[in-house]
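See structure below.
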Amino acid sequence: MNTLLVTVAEDATVAEAAQVMSLQHVGSALIVDGDRLRGIFTERDIVRALAAEHDAAGHAVGSWMTADPITLGPEASAAEARDRMLEEGFRHIPVVEAGRLVGIVSLRDVSGR
């Protein structure tokens with residue numbers, strides 16, 4: 001689990017989120033309100049937004065994020081995280097404890113690479 005979280009505000013634009021993700025070399029950004037997870041915005045969301053709207057770069061990520069994403073608890077094993085991501089078709093899964101965002105796991109983290 002990575003505890004260095006890349007976050008953006010729900011009203012950040014798609015372009016701003018993409019820039020933050022690029023600068024931090026990550027494939028997703030978490031949308032938070034304090035320490036509460038509101039959503040996740042991924043590279044796939046960027047592609048989906050740009051394919052759907054010619055001016056999507058200026059739209060808020062709140063319109064394109066996955067709200068209330070599936071999460072894991074910190075007690076989940078690497079195998080459980082990997083299996084859940086593969087079952088659901090994601091590459092990132094937030095880690096939440098007692099309703100509070102505490103980390104994120106990527107498929108790369110649990111693939112042994």
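In the structure tokens, chains take the letters A, B, ... in the order shown, each chain's residues start at 1, and ligands count up from 1 in the order shown.
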Could I get the residues of region 77-113 of chain A with an atom no further than 9 Å from an atom of region 19-32 of chain A, each paired with its nearest atom pair and that distance in Å to one decimal, using only C-alpha atoms, sorted by chain and residue number, as a Markdown table?
```
| residue | atom | partner | partner_atom | distance |
| --- | --- | --- | --- | --- |
| A:Arg91 | CA | A:Gly27 | CA | 8.3 |
| A:His92 | CA | A:Ser28 | CA | 7.3 |
| A:Pro94 | CA | A:Leu30 | CA | 8.1 |
| A:Leu101 | CA | A:Val32 | CA | 8.3 |
| A:Ile104 | CA | A:Leu30 | CA | 8.9 |
| A:Ser106 | CA | A:Gly27 | CA | 8.8 |
```
Could you save those same residues with C-alpha atoms as a short mmCIF file (atom, residue, chain, number, x, y, z; two decimals), in the first residue's frame?
```
data_model
loop_
_atom_site.label_atom_id
_atom_site.label_comp_id
_atom_site.auth_asym_id
_atom_site.auth_seq_id
_atom_site.Cartn_x
_atom_site.Cartn_y
_atom_site.Cartn_z
CA ARG A 91 -5.48 -0.95 -11.89
CA HIS A 92 -5.88 1.01 -8.63
CA PRO A 94 -8.07 2.88 -2.54
CA LEU A 101 -8.64 7.18 3.29
CA ILE A 104 -3.88 3.16 -2.41
CA SER A 106 -1.92 -0.37 -7.74
#
```
May I have the residues within 12 Å of Leu50 (chain A) as a ChimeraX atom specification, using only C-alpha atoms and disregarding those fewer than 3 positions away in the same chain? /A:14-15,18,43-47,53-59,61,64
Apply DSSP to the structure's backbone, then extract all residues of chain A labelled alpha helix (DSSP H) and return them as a VMD selection string. chain A and resid 14 to 24 43 to 52 78 to 88 107 to 110
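Using only C-alpha atoms, the shortest contact distance between Gly34 (chain A) and any of A:Ala49, A:Ala9, A:Leu4, A:Met65 is found at A:Ala9.
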Within 10 Å of region 84-89 of chain A: each region 25-73 of chain A residue with its shortest pair, only C-alpha atoms, as a tab-separated table:
```
residue	atom	partner	partner_atom	distance
A:Ile70	CA	A:Glu88	CA	9.2
A:Thr71	CA	A:Arg84	CA	9.5
A:Leu72	CA	A:Arg84	CA	9.0
```
Quote the spacing between CA of Asp33 (chain A) and CA of Glu75 (chain A) in Å to one decimal place. 23.4 Å
Which residue, A:Gly73, A:Phe90, A:Thr66, A:Glu16, has the smallest gap to Gly103 (chain A) when you use only C-alpha atoms? A:Gly73
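For the atom pair formed by CA of Gly62 (chain A) and CA of Ala81 (chain A), the distance is 25.4 Å, given to one decimal.
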